[in-house]
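Visitor: Just dropping this structure here.
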Amino acid sequence: MQLLCETLMLDIADSVVRRTVVREHVSRRERLLHEFHTLALQHFREEHTVGFYADRLAVSRQYLTRVLRAETGRGVTDILSELLLAEARSLLLSTMLQVGEVAERLGFGDTAVFCKFFRRHVGCTPLAFRRQRGL
C-alpha cells in the first residue's frame, strides 16, 4: 500500500519537478500541486472532500480541481480515491483487521459506505477481495 501511495504521489511530484528543474521561479499552479501533494498524504485517511483541501490551500474547489486535472489528468476525488483504495488493499491484505476497522481507519463513518466505495472501484467487496487473495 505504502508503495502504491508513494507511486501515485511521486507521479504528481514528478510532474512538478519536470516543470521546475530548469526554472528558478515556481508558478502558482506548480506550488498548488506540490502543496496538495503534501496535504493529501497527510490527510487522505480522514478527509475525503475537495472542500477540505481547497479550504486549506485557500483556493476554490473548482480551481483546485481544474489545476489538478490539467497538471495530472486526474481530479481531486480521483487522487483521493486512489490513495484510499491503495491503503484499503494494503490493510486488507497485510492485517487481520475486520472490514469495519479498516473502514474506520480510512475515515468512513459507516462500514456499508466503505464497502460500496470499495466495490464500485475494485469490482468486489472487501471480504471477497481478501478471499480471492487466499486470506
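As shown in the C-alpha cells, the chain order sets the letters A, B, ...; within each chain, residues go from 1, and ligands are also counted from 1 in the order they appear.
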Could you pull out all residues of chain A with a DSSP call of helix (DSSP H, G or I) and give them as a ChimeraX atom specification?

Guide: /A:2-20,28-43,50-57,61-72,76-94,99-105,111-122,126-132

Visitor: Which residues of segment 25-44 of chain A sit at most 10 Å from segment 65-78 of chain A, using only C-alpha atoms? Give each one's shortest atom pair and distance in Å (one decimal place), in chain and ascending residue order, as a tab-separated table.

Guide:
residue	atom	partner	partner_atom	distance
A:Arg28	CA	A:Val67	CA	9.9
A:Arg29	CA	A:Val67	CA	6.5
A:Glu30	CA	A:Glu71	CA	8.4
A:Leu32	CA	A:Val67	CA	8.2
A:Leu33	CA	A:Leu68	CA	6.8
A:Phe36	CA	A:Leu68	CA	8.9
A:Ala40	CA	A:Val76	CA	9.3

Visitor: Please measure the separation of atom CA of Glu87 of chain A and atom CA of Arg45 of chain A, giving the value in Å to one decimal.

Guide: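 Distance reported for this atom pair: 8.5 Å.
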
Visitor: Just the residues within 12 Å of Glu47 of chain A, please, counting only C-alpha atoms, with nothing from its chain fewer than 6 positions along; format it as an NGL selection string.

Guide: :A and (39-41 or 53-56 or 76-77 or 80-81 or 83-84 or 105-109)

Visitor: Those selected residues, please, written with C-alpha atoms and delivered as a PDB file, in the first residue's frame.

Guide:
ATOM      1  CA  LEU A  39      -1.753  17.726   2.260  1.00  0.00           C
ATOM      2  CA  ALA A  40      -3.184  14.660   0.562  1.00  0.00           C
ATOM      3  CA  LEU A  41      -0.501  12.394   2.000  1.00  0.00           C
ATOM      4  CA  TYR A  53      -8.235  20.599   0.539  1.00  0.00           C
ATOM      5  CA  ALA A  54      -9.448  23.713  -1.263  1.00  0.00           C
ATOM      6  CA  ASP A  55     -10.032  25.493   2.051  1.00  0.00           C
ATOM      7  CA  ARG A  56      -6.618  24.502   3.399  1.00  0.00           C
ATOM      8  CA  VAL A  76      -9.033  15.653  -6.588  1.00  0.00           C
ATOM      9  CA  THR A  77     -11.595  12.941  -5.937  1.00  0.00           C
ATOM     10  CA  LEU A  80      -8.027  10.695  -3.028  1.00  0.00           C
ATOM     11  CA  SER A  81      -9.898   7.565  -4.116  1.00  0.00           C
ATOM     12  CA  LEU A  83      -4.917   6.716  -2.182  1.00  0.00           C
ATOM     13  CA  LEU A  84      -7.806   5.315  -0.133  1.00  0.00           C
ATOM     14  CA  ARG A 105      -9.107   3.761   9.870  1.00  0.00           C
ATOM     15  CA  LEU A 106      -9.861   5.243   6.460  1.00  0.00           C
ATOM     16  CA  GLY A 107     -12.348   7.765   7.778  1.00  0.00           C
ATOM     17  CA  PHE A 108     -15.545   6.103   6.636  1.00  0.00           C
ATOM     18  CA  GLY A 109     -18.230   6.621   9.240  1.00  0.00           C
TER      19      GLY A 109
END

Visitor: To one decimal place, how far is atom CA of His48 of chain A from atom CA of Cys124 of chain A in Å?

Guide: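 Straight-line distance from atom CA of His48 of chain A to atom CA of Cys124 of chain A works out to 21.2 Å.
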